[in-house]
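Scroll down for the structure; my scribbles are underneath it.
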Amino acid sequence: MTELEAESPADHNLLMDWEWIGDESDEESKLVAETRKIMELPDLPVSATCVRVPVMVGHCEAIWAELEQPLTPEQATEILSDAPSVRVLELPEFPTPKDAAGGDDVLVGRIRADRTRENGLSLFLASDNLRKGAALNAIQIAELLLAGVAA
């Protein structure tokens, strides 16, 4: 508490300082549109709440997914552990912007059953938004394609 009191109160605030489009911010609308585009599912039901947190680098997401088929947290952990550019963290570790900063991996943790849905999973992730984004993703996809051509 003493350390926090010595800093500016503005440094400890969460903000929603985007433009608003109806009842969602433009950042939330963008996140929904990008998710649908990446997944190639234009009608995917996605709900987002975006909050600006005072950190220099990093994006975090709390994700709740409802799947068509059952998938245990252990199975999801195994799949994600084998995914390129993903690093799964086991408790007591969990993804933070500080730990993601400077790295190309998306840190994923807190993988658990979502008890509100029959086939639901919850997880939390963090990434360095200055490194892991459209440009790096394009490079990594190109590398995978080139590796497939060479094989």
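Scheme for the structure tokens: letters A, B, ... for chains in order shown; per-chain residue numbers from 1; ligand numbers from 1 in order shown.
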
Can you write out as a tab-separated table which residues of region 100-136 of chain A fall within 7 Å of region 83-91 of chain A, alongside each residue's closest atom pair and its distance in Å to one decimal, counting only C-alpha atoms and ordering rows by chain and ascending residue number?
```
residue	atom	partner	partner_atom	distance
A:Asp104	CA	A:Ser85	CA	6.7
A:Asp105	CA	A:Ser85	CA	4.5
A:Val106	CA	A:Val86	CA	4.8
A:Leu107	CA	A:Arg87	CA	5.0
A:Val108	CA	A:Val88	CA	4.8
A:Gly109	CA	A:Leu89	CA	4.9
```

Keeping only C-alpha atoms, write the selected residues as a PDB file, in the first residue's frame.
```
ATOM      1  CA  ASP A 104       7.170 -13.795 -29.487  1.00  0.00           C
ATOM      2  CA  ASP A 105       5.141 -16.474 -27.683  1.00  0.00           C
ATOM      3  CA  VAL A 106       1.581 -16.117 -26.501  1.00  0.00           C
ATOM      4  CA  LEU A 107       1.517 -17.156 -22.844  1.00  0.00           C
ATOM      5  CA  VAL A 108      -1.539 -19.243 -21.943  1.00  0.00           C
ATOM      6  CA  GLY A 109      -2.577 -20.367 -18.489  1.00  0.00           C
TER       7      GLY A 109
END
```

Would you pick out the contacts of His59 (chain A) at 10 Å or less, using only C-alpha atoms, so that residues sharing its chain but fewer than 3 positions from it are not included, and give the list as a PyMOL selection string?
chain A and resi 52-53+55+96-97+100-101+106+125-130+132

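Note that CA of Ile63 (chain A) and CA of Leu15 (chain A) are 19.9 Å apart.
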
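Among the candidates A:Ser25, A:Pro54, A:Ala33, A:Thr72, the residue lying nearest to His12 (chain A) is A:Pro54 (atoms considered: only C-alpha atoms).
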
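Using only C-alpha atoms, the protein and nucleic acid residues lying no more than 12 Å from Glu19 (chain A), apart from those fewer than 5 places from it along its own chain, are Glu24, Ser25, Asp26, Glu27, Glu28, Ser29, Lys30 and Cys50 of chain A.
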
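Of the listed residues (A:Leu144, A:Val46, A:Arg110, A:Leu80), A:Arg110 comes nearest to Pro92 (chain A); the distances count only C-alpha atoms.
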
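Remark: for Glu61 (chain A), the closest of the candidate residues A:Gln75, A:Ser122, A:Thr116, A:Asn137 is A:Ser122 (distances computed over only C-alpha atoms).
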
Which polymer residues have any atom within 12 Å of an atom of Leu121 (chain A), counting only C-alpha atoms, with same-chain residues fewer than 5 positions away left out, as number ranges by chain?
A: 62-77, 109-116

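With only C-alpha atoms as the atoms that count, the residue of A:Ala138, A:Val32, A:Leu4, A:Val57 with the shortest distance to Pro45 (chain A) is A:Val32.
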
Out of chain A, which residues get strand (DSSP E or B) from DSSP, as an NGL selection string?
:A and (15 or 20-21 or 24-25 or 52 or 59-66 or 86-88 or 106-113 or 120-127)

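Among the candidate residues A:Leu146, A:Val51, A:Met56, A:Ile139, the one lying nearest to Asn13 (chain A) is A:Val51, with distances computed using only C-alpha atoms.
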